[in-house]
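Reading through the structure tokens given below for one structure.
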Amino acid sequence: MSEAEGAGDQELARDLGFLEAYTIGLGTMIGAGIFVLPSIAADQAGPASMVSFAIGGIVSLLAALSLSELATGMPRAGGSYYYVNRALGPFFGSIVGWGMWGGLMFASAFYMLGFGRYLTFFLPMGATGVAIAALVMAAILTLVNYVGVKETGALQNVIVIALVGIIIVFIAFGLLNYDAATMGEFNPFGWAQVAATAGTIYVTFIGFEVIATSAEEIKNPSRNLPLSMLAAVVTPTLMYVLVMFVSTGNISRELLINSRIPVAEVAAVFSDISLAGFNVGAAAMVVGAVLATVSSANASILSAARVNFAMGRDRILTNWLNQVHSKFRTPYRAILATGGVILLLIALNVEIGTLAEVASFSYLVTYALVHVAVVVMRRADPSDYDPAFRIPDPLYPVVPVLGLLACVAILFQMDLVVQVIGVVIVGVGIAWYALYARSRSRTEGLMGEAISPEPATVPDGRGTYRVVVPVSNPVTESDLLRLAAASAHANEDGNAELVAVNVIEVPQQTSLSQDLAFEEERVQAQSDLLEQAREVAGGLEVGIRTRAVVGRSAARAILDIVEDEAADQVLLGWTGKRSRREHVLGSTIDPVVSRAPCDVTLVKLGPEGSRGEGDIAALAGQGPHAPVAARRAHEFADAADGSLTLLNAQVRDDAEDEGKGEDDYHAAGMETVESVAEAAGLESDDYEAEVVPATDLEADLLAALERFDTVCVGATRTGTVSQALFGSLPETVGSEVEGTVAIARGPEDSPRSVREALVERLQP
């Protein structure tokens, strides 16, 4: 028997594919920046400010490459904070942690003021009204994240898609109406001012950092993480440059500078359609701006809470701030603290440009240290650092060196007031380290190892027949494992194992690691459940490994494990009840049944003594998976020394089958039974054959099955439909038969929806 793993080795489910990770970053980056900053940027650098956006994009691309390597080598919540803390130590970790938290709060306040400004298009109001609108929306977003509304993730994707469409249309019409004379002098203040403006607008590029903070939740990180980060930088960079080009080429610089809603003013120039007194083009841009600013602020609040947690995990910040709410399971104190500071910044009437620049300053300091961290980790090469993505050799160390120099250069070009505020935030991080974190932090930097590196080793893998068994109920767990063991023993000459899986589901607002750290009762229950699984497997003389997972979706986590383990079969428990309103068999079962690429066995347990024991029947019909059911029934019978009957029902129709006698029906039934047995690999002495005459298939079949303790039936469908997954007859048998029922299907490629097809096309 294989050695059991410890109960405390929880893992985090990788729920995010390329599209999900990409939209997380894009949702933050296509925010107030593209809607509010054109007026601020035009004021500072004129039309040449489009070059400032290009500079910001290049600096971000360099940071994205370094972050991608660090994130795939250390996929933990906290993003840049965690990487810097791990590589350079808690002193720099405290600086970056406080800087990121502060930067996200300044950025959120900036987004909310942008939200208030664009509302003036519909509700004319002064600075006080804008501030009140910003305060109200900031409070609402804080409450939404406090409660943990699950739909925010899906809504984020819809908003991002809508924004991209709105901006593309804006650019297209703007290019058609472009007038070079309107642009005027391209670079009226010199290239030094263009560089300084890059610091002002850099707040628009902090979105890809949100992807890194979710690195431990990204599927196939070697591909999806760097690709999503680079795409989340390139897409808005192109949009920002084109939006500035269109803006300065459609309205005068003076009008652009004095506008609170610059892109709406531009859209009004090339849109002459009005509705209810409002210009349609301008109104569309206002709607986009409102959606963008809300989306950006929401994503920033989420990211800030995760940075808080990562700092608390390393004892740089008190864990009091990271307690999870007993009802909502969200880090409510961190969310309230973040929301409170955002409200304070708005209430203090800090200039919108200053908010943007301070956020930029904080992240430029962060990314400068991230580039240093890459070099340190490469040099130190600790045993647990094995990035799935590495900066290609021709670009290393060019990327981190250029990235560091670019960040420092922009920092020195920023306004003195911003530099002072930024230095104060850095000072807070240093003071906090000296007064609090220094004596408590459990981490040490790797600077010494970077100076004198040592080689690391990589562990080997394994291979065998494998049955994945999701477990969630200690009452049914032992029987499910016993039935799974029966299948395992029958395959690969006994060289098989079980993988018992339990998933703790966590809301979007809470870091997976954070829920693991603070939901002690659920984590302990999970540990006890998997410990029981190991004890049960010991008595079954079968190898077992346990996987304790914390994830957003139990179904997705199970499917990922099935893929990761290259499982031959997944065996799940089922209550026998169906629901046609929201789910067919259950919210966890439906996706697994529909999408698992291996054998699937769904088991409804009957009374004690009938669970894969006693008299066992398998329905031998024409369905594509009848041989799978027969094979599963034989495995159960063989393990429990029970009897096996392959049962076929022959429906009589006197009108269509005129002239056929009893012998003809029986012969047809026996032929089907023998065909199923042969396909299942059964010998004639492995089973008894029985043919049931029927006039009402379901009623007569259910009556014939009453004398059996366990019934195995094959799926009659090859994919999902609106009312049944396995087919109406198998699910009727499952819900009506009092004994144990196992519904089985073999490996198959189920039809994908359009969305699923697109996701899988981008996610190999």
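Ordered as shown in the structure tokens, chains take letters A, B, and onward, while each chain numbers its residues from 1 and ligands are numbered from 1 in the order shown.
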Using the chain letters and numbers from this document, which residues of stretch 107-278 of chain A does DSSP assign to helix (DSSP H, G or I), as a count of residues only?
130
Just the strand (DSSP E) stuff from stretch 42-290 of chain A, please, per backbone DSSP, written as a PyMOL selection string.
chain A and resi 274-275+278-279
Considering only C-alpha atoms, can you say which of A:Val210, A:Ala198, A:Ala45, A:Met137 comes closest to A:Thr248?
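Using only C-alpha atoms, the shortest distance to A:Thr248 belongs to A:Ala45.
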List the spatial neighbours of A:Ala620 as a PyMOL selection string - criterion: any atom at most 6 Å away, only C-alpha atoms, same-chain residues fewer than 5 positions off excluded.
chain A and resi 626+646-648+673
Residue neighbourhood A:Asp638, 10 Å, only C-alpha atoms, exclusion window fewer than 5 positions, as a list of chain:residue names
A:Ala486, A:Ser487, A:His489, A:Ala490, A:Gly612, A:Glu613, A:Arg632, A:Ala633, A:Ser643, A:Leu644, A:Asp686
Who sits within 12 Å of stretch 688-693 of chain A, only C-alpha atoms, same chain under 6 positions skipped, as an MDAnalysis selection string:
chainID A and resid 615:621 630 634 642:653 661:677 682 699:705
Which residues come within 10 Å of stretch 265-267 of chain A, counting only C-alpha atoms, excluding same-chain residues fewer than 5 positions away, as a PDB file with N, CA, C and O atoms, in the first residue's frame?
ATOM      1  N   PHE A 121     -22.436  64.228 -16.546  1.00  0.00           N
ATOM      2  CA  PHE A 121     -23.039  64.277 -17.883  1.00  0.00           C
ATOM      3  C   PHE A 121     -24.559  64.179 -17.783  1.00  0.00           C
ATOM      4  O   PHE A 121     -25.289  64.855 -18.521  1.00  0.00           O
ATOM      5  N   PHE A 170     -15.317  53.781 -30.474  1.00  0.00           N
ATOM      6  CA  PHE A 170     -14.866  55.162 -30.273  1.00  0.00           C
ATOM      7  C   PHE A 170     -13.635  55.451 -31.132  1.00  0.00           C
ATOM      8  O   PHE A 170     -13.555  56.478 -31.825  1.00  0.00           O
ATOM      9  N   ILE A 171     -12.667  54.544 -31.100  1.00  0.00           N
ATOM     10  CA  ILE A 171     -11.438  54.742 -31.870  1.00  0.00           C
ATOM     11  C   ILE A 171     -11.734  54.751 -33.373  1.00  0.00           C
ATOM     12  O   ILE A 171     -11.205  55.588 -34.135  1.00  0.00           O
ATOM     13  N   PHE A 173     -14.542  55.538 -35.048  1.00  0.00           N
ATOM     14  CA  PHE A 173     -15.183  56.783 -35.484  1.00  0.00           C
ATOM     15  C   PHE A 173     -14.230  57.967 -35.339  1.00  0.00           C
ATOM     16  O   PHE A 173     -14.242  58.894 -36.157  1.00  0.00           O
ATOM     17  N   GLY A 174     -13.404  57.946 -34.290  1.00  0.00           N
ATOM     18  CA  GLY A 174     -12.456  59.035 -34.096  1.00  0.00           C
ATOM     19  C   GLY A 174     -11.427  59.122 -35.202  1.00  0.00           C
ATOM     20  O   GLY A 174     -11.055  60.222 -35.643  1.00  0.00           O
ATOM     21  N   VAL A 243      -6.553  56.223 -28.232  1.00  0.00           N
ATOM     22  CA  VAL A 243      -7.527  57.143 -27.630  1.00  0.00           C
ATOM     23  C   VAL A 243      -6.942  58.545 -27.532  1.00  0.00           C
ATOM     24  O   VAL A 243      -7.622  59.543 -27.821  1.00  0.00           O
ATOM     25  N   VAL A 246      -6.823  59.996 -31.066  1.00  0.00           N
ATOM     26  CA  VAL A 246      -8.161  60.407 -31.491  1.00  0.00           C
ATOM     27  C   VAL A 246      -8.609  61.655 -30.734  1.00  0.00           C
ATOM     28  O   VAL A 246      -9.181  62.589 -31.318  1.00  0.00           O
ATOM     29  N   SER A 247      -8.336  61.694 -29.441  1.00  0.00           N
ATOM     30  CA  SER A 247      -8.790  62.826 -28.618  1.00  0.00           C
ATOM     31  C   SER A 247      -8.132  64.129 -29.050  1.00  0.00           C
ATOM     32  O   SER A 247      -8.803  65.159 -29.222  1.00  0.00           O
ATOM     33  N   THR A 248      -6.806  64.100 -29.218  1.00  0.00           N
ATOM     34  CA  THR A 248      -6.106  65.331 -29.606  1.00  0.00           C
ATOM     35  C   THR A 248      -6.328  65.675 -31.079  1.00  0.00           C
ATOM     36  O   THR A 248      -6.064  66.811 -31.497  1.00  0.00           O
ATOM     37  N   GLY A 249      -6.826  64.719 -31.846  1.00  0.00           N
ATOM     38  CA  GLY A 249      -7.073  64.979 -33.260  1.00  0.00           C
ATOM     39  C   GLY A 249      -8.518  65.290 -33.572  1.00  0.00           C
ATOM     40  O   GLY A 249      -8.883  65.430 -34.744  1.00  0.00           O
ATOM     41  N   ASN A 250      -9.367  65.417 -32.538  1.00  0.00           N
ATOM     42  CA  ASN A 250     -10.777  65.734 -32.775  1.00  0.00           C
ATOM     43  C   ASN A 250     -11.236  66.996 -32.046  1.00  0.00           C
ATOM     44  O   ASN A 250     -12.165  67.652 -32.498  1.00  0.00           O
ATOM     45  N   ILE A 251     -10.608  67.297 -30.910  1.00  0.00           N
ATOM     46  CA  ILE A 251     -10.945  68.551 -30.221  1.00  0.00           C
ATOM     47  C   ILE A 251      -9.651  69.256 -29.826  1.00  0.00           C
ATOM     48  O   ILE A 251      -8.599  68.633 -29.712  1.00  0.00           O
ATOM     49  N   SER A 252      -9.733  70.559 -29.617  1.00  0.00           N
ATOM     50  CA  SER A 252      -8.538  71.339 -29.302  1.00  0.00           C
ATOM     51  C   SER A 252      -7.991  70.958 -27.931  1.00  0.00           C
ATOM     52  O   SER A 252      -8.710  70.447 -27.071  1.00  0.00           O
ATOM     53  N   LEU A 255      -9.864  72.654 -25.002  1.00  0.00           N
ATOM     54  CA  LEU A 255     -11.138  72.038 -24.656  1.00  0.00           C
ATOM     55  C   LEU A 255     -10.917  70.715 -23.928  1.00  0.00           C
ATOM     56  O   LEU A 255     -11.620  70.399 -22.961  1.00  0.00           O
ATOM     57  N   LEU A 256      -9.911  69.967 -24.376  1.00  0.00           N
ATOM     58  CA  LEU A 256      -9.620  68.671 -23.757  1.00  0.00           C
ATOM     59  C   LEU A 256      -9.146  68.856 -22.322  1.00  0.00           C
ATOM     60  O   LEU A 256      -9.574  68.131 -21.402  1.00  0.00           O
ATOM     61  N   SER A 259     -11.968  69.727 -19.784  1.00  0.00           N
ATOM     62  CA  SER A 259     -13.113  68.821 -19.708  1.00  0.00           C
ATOM     63  C   SER A 259     -12.972  67.835 -18.551  1.00  0.00           C
ATOM     64  O   SER A 259     -11.913  67.250 -18.343  1.00  0.00           O
ATOM     65  N   ARG A 260     -14.068  67.661 -17.803  1.00  0.00           N
ATOM     66  CA  ARG A 260     -14.095  66.625 -16.760  1.00  0.00           C
ATOM     67  C   ARG A 260     -14.419  65.260 -17.359  1.00  0.00           C
ATOM     68  O   ARG A 260     -14.171  64.239 -16.736  1.00  0.00           O
ATOM     69  N   ASP A 272     -23.683  62.818 -34.164  1.00  0.00           N
ATOM     70  CA  ASP A 272     -24.694  63.871 -34.286  1.00  0.00           C
ATOM     71  C   ASP A 272     -26.104  63.351 -33.990  1.00  0.00           C
ATOM     72  O   ASP A 272     -27.096  63.985 -34.334  1.00  0.00           O
ATOM     73  N   ASN A 279     -26.512  63.463 -26.366  1.00  0.00           N
ATOM     74  CA  ASN A 279     -25.783  62.967 -27.524  1.00  0.00           C
ATOM     75  C   ASN A 279     -25.503  61.474 -27.325  1.00  0.00           C
ATOM     76  O   ASN A 279     -24.935  61.072 -26.304  1.00  0.00           O
ATOM     77  N   VAL A 280     -25.874  60.650 -28.292  1.00  0.00           N
ATOM     78  CA  VAL A 280     -25.777  59.190 -28.141  1.00  0.00           C
ATOM     79  C   VAL A 280     -24.323  58.739 -27.996  1.00  0.00           C
ATOM     80  O   VAL A 280     -24.000  57.897 -27.149  1.00  0.00           O
ATOM     81  N   GLY A 281     -23.420  59.284 -28.818  1.00  0.00           N
ATOM     82  CA  GLY A 281     -22.016  58.891 -28.731  1.00  0.00           C
ATOM     83  C   GLY A 281     -21.411  59.241 -27.391  1.00  0.00           C
ATOM     84  O   GLY A 281     -20.708  58.432 -26.769  1.00  0.00           O
ATOM     85  N   ALA A 282     -21.685  60.473 -26.941  1.00  0.00           N
ATOM     86  CA  ALA A 282     -21.155  60.898 -25.643  1.00  0.00           C
ATOM     87  C   ALA A 282     -21.747  60.063 -24.515  1.00  0.00           C
ATOM     88  O   ALA A 282     -21.035  59.661 -23.583  1.00  0.00           O
ATOM     89  N   ALA A 283     -23.051  59.784 -24.608  1.00  0.00           N
ATOM     90  CA  ALA A 283     -23.708  58.989 -23.561  1.00  0.00           C
ATOM     91  C   ALA A 283     -23.117  57.587 -23.489  1.00  0.00           C
ATOM     92  O   ALA A 283     -22.933  57.026 -22.395  1.00  0.00           O
ATOM     93  N   ALA A 284     -22.794  57.007 -24.646  1.00  0.00           N
ATOM     94  CA  ALA A 284     -22.203  55.669 -24.659  1.00  0.00           C
ATOM     95  C   ALA A 284     -20.854  55.664 -23.948  1.00  0.00           C
ATOM     96  O   ALA A 284     -20.533  54.738 -23.188  1.00  0.00           O
ATOM     97  N   MET A 285     -20.056  56.708 -24.182  1.00  0.00           N
ATOM     98  CA  MET A 285     -18.759  56.786 -23.519  1.00  0.00           C
ATOM     99  C   MET A 285     -18.914  57.011 -22.020  1.00  0.00           C
ATOM    100  O   MET A 285     -18.122  56.509 -21.216  1.00  0.00           O
ATOM    101  N   VAL A 286     -19.931  57.749 -21.632  1.00  0.00           N
ATOM    102  CA  VAL A 286     -20.187  57.963 -20.199  1.00  0.00           C
ATOM    103  C   VAL A 286     -20.557  56.650 -19.527  1.00  0.00           C
ATOM    104  O   VAL A 286     -20.066  56.324 -18.434  1.00  0.00           O
TER     105      VAL A 286
END
